[in-house]
Amino acid sequence: MKRGQLVEVEIKDMEFPAKGIGELDGKKIYVKNALKGQKVKARIKKNRREYAEGKLVEVVGAAEYESESFCEHFGLCGGCARQTVPYETQVQIKTDLVKKLIDEAGIEGYELLDTVRSPEIYGYRNKMEYSFGDEAKGGETTLGMHKRGQFNSVVTVDKCKLVDNDFNKILKANLEYFIERNIPHYVNRIHKGYLRHLIVRKGLNTGEMLVVLVTSTQLNPDLTSYVEKLLELELKGEIKGIIHIHNDNLADAVKCEEMKILWGQDYFYDELLGLRFKISPFSFFQTNTLGAELLYKTALDFIEDSDNKTVFDLYCGTGTIGQLAAQKAKKVIGIEIIEEAVKAANENAQMNGLSNCHFIAGDVLKEIDKINEKPDIIILDPPRVGVHPKAIDKILGFQPKEIIYVSCNPKTLTENLKQIEEAGYITKKVRCVDMFPHTPHVECCSLLTRKK
């Protein structure tokens, strides 16, 4: 095999989250987004002595369990990769791959509970971050998701099935408005242009919405008629705010250098398990609201008894789990590095009448040294990179009886579980919660208890 060579291979196995594994000439070949049972054509990107990596070019033979996709954007859009897989099979694939990760890490004796299914498998997303661009270099402006395998191309996704139709209407209205006025999109490779991103957020339990337009400062068009066009749309939900953000950062990521309210307010509300949450443009809030309720209920069910207990909610975001736990616990202390999220967490706790919650802004690794109280229960809900080994050492120094670990990345979860077990804990239960139908991603909730 040589780099650049096109090969045909049958996928015999998979690796979390989305790598198919085949074999050719006695060597394993890893192909991203290939499924077990498929026969694929792949172009070799890396060729090592022990293995090779290939880029998926074409599926020449579908797996026996596959069916037709349900979305006309499938194949071009890089948003979701498992539309051809029946939902129950999707769930089984995710469960099997998570179990494989945990078992390979040497973790034994745990109970793998049935995976929790998403209550909705269509229209479940409450947030979308769209990009302005073009599908072909120099072509007409598009608005949507990056093309699969081609980061510089953007595919318009105005019929996406993972969001409700309000999102699609808002996307289409934005695209029509700016194309009619010949307002150019930003071109990342030369750092010129105006339109960069569009963020749409919706409270699925309240119907309240925010629309956030992200642009450079290279032009200064009057956006009065833009606001009017959005407010004239017939939507199921209600737009509560239209925001304009300036971002001249060279990186292709949403950065807020200046924020202006074009209309309304810069926040909206949603509800979760009886509590109310104020959400700003960049507040973290699980993208699947109904799924989040089941995820947090799973985490709370793992706590054997929180009555009169002190709970640490580490990497707490806007404090959602902590506030839910505070309804029974004696006290909840949360730590989160993003100041805006902490401000929202404290405001939400006050709004929900929870006087036994306190959220701190700062790095868990540093802030945990300043806390004098001893927790009975620690809840961990870290970002995808997991918990830093030094932070784990400090966390375990409190010797809590129970640790509830909520993870959006089973790979880093298993690494952390191994380290926690080495410090004298036992992994008792693991449960996957499918928050992301039609994608390879899954949340995991684990219960660890201290050895007696």
# chains A, B, ... in the order shown; residues from 1 in each chain; ligands from 1
$ select_by_dssp --residues "stretch 118-302 of chain A" --states "helix (DSSP H, G or I)" --output "MDAnalysis selection string"
chainID A and resid 165:180 224:231 289:302
$ write_last_selection --atoms "N, CA and C atoms" --output "tab-separated table (two decimals), in the first residue's frame"
chain	number	residue	atom	x	y	z
A	165	ASN	N	-38.85	23.04	12.21
A	165	ASN	CA	-38.89	23.84	10.98
A	165	ASN	C	-38.63	25.33	11.23
A	166	ASP	N	-38.76	25.80	12.47
A	166	ASP	CA	-38.44	27.20	12.75
A	166	ASP	C	-36.98	27.52	12.40
A	167	PHE	N	-36.09	26.59	12.70
A	167	PHE	CA	-34.67	26.77	12.38
A	167	PHE	C	-34.49	26.89	10.86
A	168	ASN	N	-35.13	26.01	10.13
A	168	ASN	CA	-34.99	26.02	8.66
A	168	ASN	C	-35.54	27.31	8.05
A	169	LYS	N	-36.64	27.82	8.61
A	169	LYS	CA	-37.22	29.07	8.11
A	169	LYS	C	-36.28	30.25	8.37
A	170	ILE	N	-35.67	30.27	9.55
A	170	ILE	CA	-34.76	31.37	9.90
A	170	ILE	C	-33.51	31.30	9.04
A	171	LEU	N	-32.99	30.10	8.82
A	171	LEU	CA	-31.82	29.94	7.95
A	171	LEU	C	-32.13	30.47	6.55
A	172	LYS	N	-33.25	30.02	6.00
A	172	LYS	CA	-33.62	30.40	4.64
A	172	LYS	C	-33.82	31.91	4.52
A	173	ALA	N	-34.44	32.53	5.53
A	173	ALA	CA	-34.67	33.98	5.51
A	173	ALA	C	-33.35	34.74	5.53
A	174	ASN	N	-32.38	34.27	6.32
A	174	ASN	CA	-31.07	34.91	6.36
A	174	ASN	C	-30.38	34.83	5.01
A	175	LEU	N	-30.40	33.65	4.42
A	175	LEU	CA	-29.71	33.46	3.14
A	175	LEU	C	-30.32	34.33	2.05
A	176	GLU	N	-31.66	34.35	1.97
A	176	GLU	CA	-32.35	35.17	0.96
A	176	GLU	C	-32.02	36.65	1.15
A	177	TYR	N	-32.04	37.10	2.40
A	177	TYR	CA	-31.83	38.52	2.68
A	177	TYR	C	-30.46	38.98	2.20
A	178	PHE	N	-29.43	38.23	2.54
A	178	PHE	CA	-28.07	38.70	2.22
A	178	PHE	C	-27.70	38.47	0.76
A	179	ILE	N	-28.25	37.41	0.13
A	179	ILE	CA	-28.00	37.21	-1.30
A	179	ILE	C	-28.65	38.34	-2.11
A	180	GLU	N	-29.89	38.72	-1.75
A	180	GLU	CA	-30.60	39.80	-2.46
A	180	GLU	C	-29.82	41.11	-2.43
A	224	THR	N	-31.70	47.18	9.85
A	224	THR	CA	-33.09	47.42	10.28
A	224	THR	C	-34.06	46.50	9.53
A	225	SER	N	-33.92	46.43	8.20
A	225	SER	CA	-34.83	45.59	7.41
A	225	SER	C	-34.57	44.10	7.66
A	226	TYR	N	-33.34	43.77	8.08
A	226	TYR	CA	-33.02	42.38	8.44
A	226	TYR	C	-33.85	41.95	9.65
A	227	VAL	N	-33.90	42.81	10.64
A	227	VAL	CA	-34.70	42.53	11.84
A	227	VAL	C	-36.17	42.39	11.46
A	228	GLU	N	-36.66	43.30	10.61
A	228	GLU	CA	-38.06	43.26	10.21
A	228	GLU	C	-38.40	41.95	9.49
A	229	LYS	N	-37.48	41.49	8.63
A	229	LYS	CA	-37.72	40.24	7.89
A	229	LYS	C	-37.86	39.05	8.84
A	230	LEU	N	-36.99	39.00	9.85
A	230	LEU	CA	-37.05	37.88	10.80
A	230	LEU	C	-38.33	37.93	11.63
A	231	LEU	N	-38.73	39.12	12.05
A	231	LEU	CA	-39.92	39.25	12.89
A	231	LEU	C	-41.21	38.99	12.12
A	289	THR	N	-32.88	18.89	24.68
A	289	THR	CA	-33.52	19.22	25.96
A	289	THR	C	-34.19	18.01	26.59
A	290	LEU	N	-35.00	17.29	25.82
A	290	LEU	CA	-35.71	16.14	26.38
A	290	LEU	C	-34.73	15.03	26.77
A	291	GLY	N	-33.67	14.87	25.96
A	291	GLY	CA	-32.64	13.90	26.31
A	291	GLY	C	-31.89	14.30	27.57
A	292	ALA	N	-31.66	15.63	27.73
A	292	ALA	CA	-30.95	16.13	28.91
A	292	ALA	C	-31.73	15.80	30.19
A	293	GLU	N	-33.05	15.88	30.10
A	293	GLU	CA	-33.86	15.55	31.28
A	293	GLU	C	-33.61	14.10	31.70
A	294	LEU	N	-33.49	13.21	30.72
A	294	LEU	CA	-33.24	11.80	31.04
A	294	LEU	C	-31.80	11.58	31.51
A	295	LEU	N	-30.85	12.35	30.93
A	295	LEU	CA	-29.45	12.24	31.36
A	295	LEU	C	-29.31	12.66	32.82
A	296	TYR	N	-29.89	13.80	33.18
A	296	TYR	CA	-29.76	14.29	34.54
A	296	TYR	C	-30.55	13.43	35.52
A	297	LYS	N	-31.68	12.91	35.06
A	297	LYS	CA	-32.44	12.00	35.92
A	297	LYS	C	-31.62	10.74	36.19
A	298	THR	N	-30.90	10.25	35.18
A	298	THR	CA	-30.02	9.09	35.36
A	298	THR	C	-28.95	9.39	36.40
A	299	ALA	N	-28.33	10.57	36.29
A	299	ALA	CA	-27.28	10.96	37.24
A	299	ALA	C	-27.84	11.04	38.66
A	300	LEU	N	-29.01	11.65	38.81
A	300	LEU	CA	-29.60	11.79	40.14
A	300	LEU	C	-30.04	10.44	40.70
A	301	ASP	N	-30.50	9.54	39.83
A	301	ASP	CA	-30.90	8.21	40.29
A	301	ASP	C	-29.70	7.41	40.81
A	302	PHE	N	-28.50	7.73	40.30
A	302	PHE	CA	-27.30	7.04	40.75
A	302	PHE	C	-26.92	7.45	42.18
$ residues_around --residues "stretch 387-404 of chain A" --least-positions-apart "3" --cutoff "6 Å" --atoms "only C-alpha atoms" --output "JSON, numbers by chain"
{"A": [365, 375, 376, 377, 378, 379, 446, 447, 448, 449, 450]}
$ residues_around --residues "A:Arg3" --least-positions-apart "4" --cutoff "10 Å" --atoms "only C-alpha atoms" --output "list in words"
Arg43, Ile44, Lys45, Lys46, Asn47, Arg48, Ala52, Glu53 and Gly54 of chain A
$ residues_around --residues "stretch 84-88 of chain A" --least-positions-apart "4" --cutoff "7 Å" --atoms "only C-alpha atoms" --output "PyMOL selection string"
chain A and resi 65-69+92
$ write_last_selection --atoms "N, CA, C and O atoms" --output "CSV table (one decimal), in the first residue's frame"
chain,number,residue,atom,x,y,z
A,65,TYR,N,-28.0,-4.2,7.5
A,65,TYR,CA,-29.1,-3.6,8.3
A,65,TYR,C,-29.4,-2.2,7.8
A,65,TYR,O,-30.3,-1.5,8.4
A,66,GLU,N,-28.7,-1.6,6.8
A,66,GLU,CA,-28.9,-0.3,6.4
A,66,GLU,C,-30.1,-0.1,5.5
A,66,GLU,O,-30.6,-1.1,4.9
A,67,SER,N,-30.7,1.1,5.5
A,67,SER,CA,-31.8,1.5,4.7
A,67,SER,C,-31.6,2.8,4.1
A,67,SER,O,-30.5,3.4,4.2
A,68,GLU,N,-32.6,3.4,3.4
A,68,GLU,CA,-32.4,4.7,2.7
A,68,GLU,C,-32.3,5.8,3.8
A,68,GLU,O,-32.9,5.7,4.8
A,69,SER,N,-31.6,6.9,3.5
A,69,SER,CA,-31.5,8.0,4.4
A,69,SER,C,-32.8,8.8,4.3
A,69,SER,O,-33.6,8.7,3.4
A,92,GLN,N,-27.6,0.2,19.6
A,92,GLN,CA,-26.8,-1.0,19.9
A,92,GLN,C,-25.3,-0.8,19.6
A,92,GLN,O,-24.4,-1.2,20.3
$ closest_residue --among "A:Cys256, A:Glu15, A:Arg181, A:Leu198" --to "A:Pro221" --atoms "only C-alpha atoms"
A:Arg181
$ closest_residue --among "A:Asp103, A:Leu76, A:Thr318, A:Thr115" --to "A:Glu415" --atoms "only C-alpha atoms"
A:Asp103
$ closest_residue --among "A:Asp270, A:Lys370, A:Glu120, A:Ser131" --to "A:Val254" --atoms "only C-alpha atoms"
A:Ser131
$ atom_distance --atom1 "atom CA of A:Ala329" --atom2 "atom CA of A:Phe312"
10.5 Å
$ residues_around --residues "stretch 337-349 of chain A" --least-positions-apart "2" --cutoff "9 Å" --atoms "only C-alpha atoms" --output "ChimeraX atom specification"
/A:275-280,282-284,315-320,323,334-335,351-364
$ write_last_selection --atoms "N, CA, C and O atoms" --output "tab-separated table (two decimals), in the first residue's frame"
chain	number	residue	atom	x	y	z
A	275	LEU	N	-37.42	23.01	36.73
A	275	LEU	CA	-36.64	24.21	37.02
A	275	LEU	C	-36.55	25.08	35.77
A	275	LEU	O	-36.63	24.60	34.64
A	276	ARG	N	-36.35	26.37	35.98
A	276	ARG	CA	-36.31	27.33	34.89
A	276	ARG	C	-34.88	27.85	34.73
A	276	ARG	O	-34.20	28.15	35.72
A	277	PHE	N	-34.42	27.98	33.48
A	277	PHE	CA	-33.04	28.39	33.23
A	277	PHE	C	-33.00	29.55	32.22
A	277	PHE	O	-33.63	29.50	31.18
A	278	LYS	N	-32.21	30.56	32.59
A	278	LYS	CA	-31.96	31.70	31.71
A	278	LYS	C	-30.73	31.38	30.87
A	278	LYS	O	-29.67	31.04	31.40
A	279	ILE	N	-30.87	31.49	29.55
A	279	ILE	CA	-29.81	31.06	28.63
A	279	ILE	C	-29.42	32.24	27.74
A	279	ILE	O	-30.26	32.83	27.07
A	280	SER	N	-28.13	32.58	27.73
A	280	SER	CA	-27.61	33.67	26.91
A	280	SER	C	-27.00	33.08	25.64
A	280	SER	O	-26.95	31.86	25.47
A	282	PHE	N	-24.11	32.39	24.58
A	282	PHE	CA	-23.02	31.42	24.70
A	282	PHE	C	-23.11	30.54	25.94
A	282	PHE	O	-22.17	29.85	26.28
A	283	SER	N	-24.24	30.57	26.63
A	283	SER	CA	-24.42	29.68	27.78
A	283	SER	C	-24.43	28.23	27.32
A	283	SER	O	-25.06	27.90	26.31
A	284	PHE	N	-23.74	27.36	28.11
A	284	PHE	CA	-23.84	25.94	27.78
A	284	PHE	C	-25.19	25.42	28.24
A	284	PHE	O	-25.60	25.64	29.38
A	315	TYR	N	-17.05	21.26	37.08
A	315	TYR	CA	-17.25	21.52	35.64
A	315	TYR	C	-18.75	21.69	35.41
A	315	TYR	O	-19.36	21.06	34.55
A	316	CYS	N	-19.35	22.57	36.22
A	316	CYS	CA	-20.81	22.60	36.37
A	316	CYS	C	-21.55	23.33	35.26
A	316	CYS	O	-22.78	23.27	35.19
A	317	GLY	N	-20.83	24.06	34.36
A	317	GLY	CA	-21.54	24.82	33.34
A	317	GLY	C	-22.48	25.81	33.98
A	317	GLY	O	-22.10	26.56	34.90
A	318	THR	N	-23.73	25.83	33.56
A	318	THR	CA	-24.72	26.72	34.17
A	318	THR	C	-25.39	26.10	35.40
A	318	THR	O	-26.42	26.57	35.85
A	319	GLY	N	-24.78	25.04	35.92
A	319	GLY	CA	-25.23	24.47	37.19
A	319	GLY	C	-26.50	23.66	37.13
A	319	GLY	O	-27.21	23.53	38.14
A	320	THR	N	-26.80	23.10	35.97
A	320	THR	CA	-28.07	22.38	35.82
A	320	THR	C	-28.18	21.19	36.76
A	320	THR	O	-29.15	21.07	37.52
A	323	GLN	N	-28.26	22.23	40.51
A	323	GLN	CA	-29.53	22.78	40.99
A	323	GLN	C	-30.58	21.68	41.15
A	323	GLN	O	-31.40	21.74	42.07
A	334	GLY	N	-20.60	24.51	43.21
A	334	GLY	CA	-20.22	24.23	41.83
A	334	GLY	C	-19.01	25.05	41.42
A	334	GLY	O	-18.80	26.17	41.91
A	335	ILE	N	-18.20	24.50	40.52
A	335	ILE	CA	-17.05	25.22	39.97
A	335	ILE	C	-17.08	25.09	38.45
A	335	ILE	O	-17.27	24.00	37.91
A	351	MET	N	-33.39	32.37	40.94
A	351	MET	CA	-34.70	32.38	40.28
A	351	MET	C	-35.52	31.16	40.68
A	351	MET	O	-36.74	31.24	40.82
A	352	ASN	N	-34.83	30.02	40.88
A	352	ASN	CA	-35.53	28.79	41.24
A	352	ASN	C	-35.70	28.62	42.74
A	352	ASN	O	-36.14	27.56	43.21
A	353	GLY	N	-35.33	29.64	43.50
A	353	GLY	CA	-35.53	29.62	44.95
A	353	GLY	C	-34.62	28.65	45.68
A	353	GLY	O	-34.98	28.12	46.74
A	354	LEU	N	-33.43	28.42	45.13
A	354	LEU	CA	-32.49	27.47	45.74
A	354	LEU	C	-31.38	28.25	46.46
A	354	LEU	O	-30.42	28.71	45.84
A	355	SER	N	-31.53	28.42	47.75
A	355	SER	CA	-30.57	29.20	48.53
A	355	SER	C	-29.38	28.37	48.99
A	355	SER	O	-28.42	28.90	49.56
A	356	ASN	N	-29.40	27.07	48.74
A	356	ASN	CA	-28.31	26.19	49.19
A	356	ASN	C	-27.31	25.87	48.08
A	356	ASN	O	-26.57	24.90	48.16
A	357	CYS	N	-27.31	26.69	47.02
A	357	CYS	CA	-26.37	26.52	45.89
A	357	CYS	C	-25.41	27.70	45.85
A	357	CYS	O	-25.82	28.85	46.02
A	358	HIS	N	-24.16	27.40	45.55
A	358	HIS	CA	-23.18	28.47	45.33
A	358	HIS	C	-22.23	28.01	44.23
A	358	HIS	O	-21.63	26.94	44.31
A	359	PHE	N	-22.11	28.85	43.19
A	359	PHE	CA	-21.27	28.49	42.05
A	359	PHE	C	-20.08	29.45	41.94
A	359	PHE	O	-20.24	30.66	42.09
A	360	ILE	N	-18.90	28.89	41.70
A	360	ILE	CA	-17.65	29.62	41.72
A	360	ILE	C	-17.03	29.62	40.33
A	360	ILE	O	-16.98	28.58	39.66
A	361	ALA	N	-16.52	30.79	39.90
A	361	ALA	CA	-15.85	30.89	38.60
A	361	ALA	C	-14.36	30.64	38.76
A	361	ALA	O	-13.70	31.28	39.59
A	362	GLY	N	-13.83	29.70	38.00
A	362	GLY	CA	-12.40	29.42	38.06
A	362	GLY	C	-12.07	28.01	37.61
A	362	GLY	O	-12.96	27.20	37.34
A	363	ASP	N	-10.79	27.73	37.53
A	363	ASP	CA	-10.29	26.42	37.14
A	363	ASP	C	-10.45	25.45	38.30
A	363	ASP	O	-10.03	25.75	39.43
A	364	VAL	N	-11.06	24.31	38.05
A	364	VAL	CA	-11.26	23.32	39.11
A	364	VAL	C	-9.94	22.99	39.80
A	364	VAL	O	-9.88	22.87	41.03
$ closest_residue --among "A:Leu235, A:Leu101, A:Lys452, A:Glu129" --to "A:Ile426" --atoms "only C-alpha atoms"
A:Lys452
$ residues_around --residues "stretch 25-31 of chain A" --least-positions-apart "5" --cutoff "8 Å" --atoms "only C-alpha atoms" --output "list of chain:residue names"
A:Lys19, A:Gly20, A:Ala42, A:Glu50, A:Tyr51, A:Ala52, A:Glu53, A:Gly54, A:Lys55, A:Leu56
$ select_by_dssp --residues "stretch 92-325 of chain A" --states "strand (DSSP E)" --output "JSON, numbers by chain"
{"A": [111, 112, 127, 128, 129, 130, 131, 132, 133, 134, 141, 142, 143, 144, 145, 146, 147, 150, 151, 152, 153, 154, 155, 156, 195, 196, 197, 198, 199, 200, 201, 202, 208, 209, 210, 211, 212, 213, 214, 215, 238, 239, 240, 241, 242, 243, 244, 245, 246, 258, 259, 260, 261, 262, 263, 264, 268, 269, 270, 271, 272, 275, 276, 277, 278, 279, 310, 311, 312, 313, 314]}
$ closest_residue --among "A:Gln218, A:Thr427, A:Thr439, A:Asn409" --to "A:Tyr110" --atoms "only C-alpha atoms"
A:Thr427
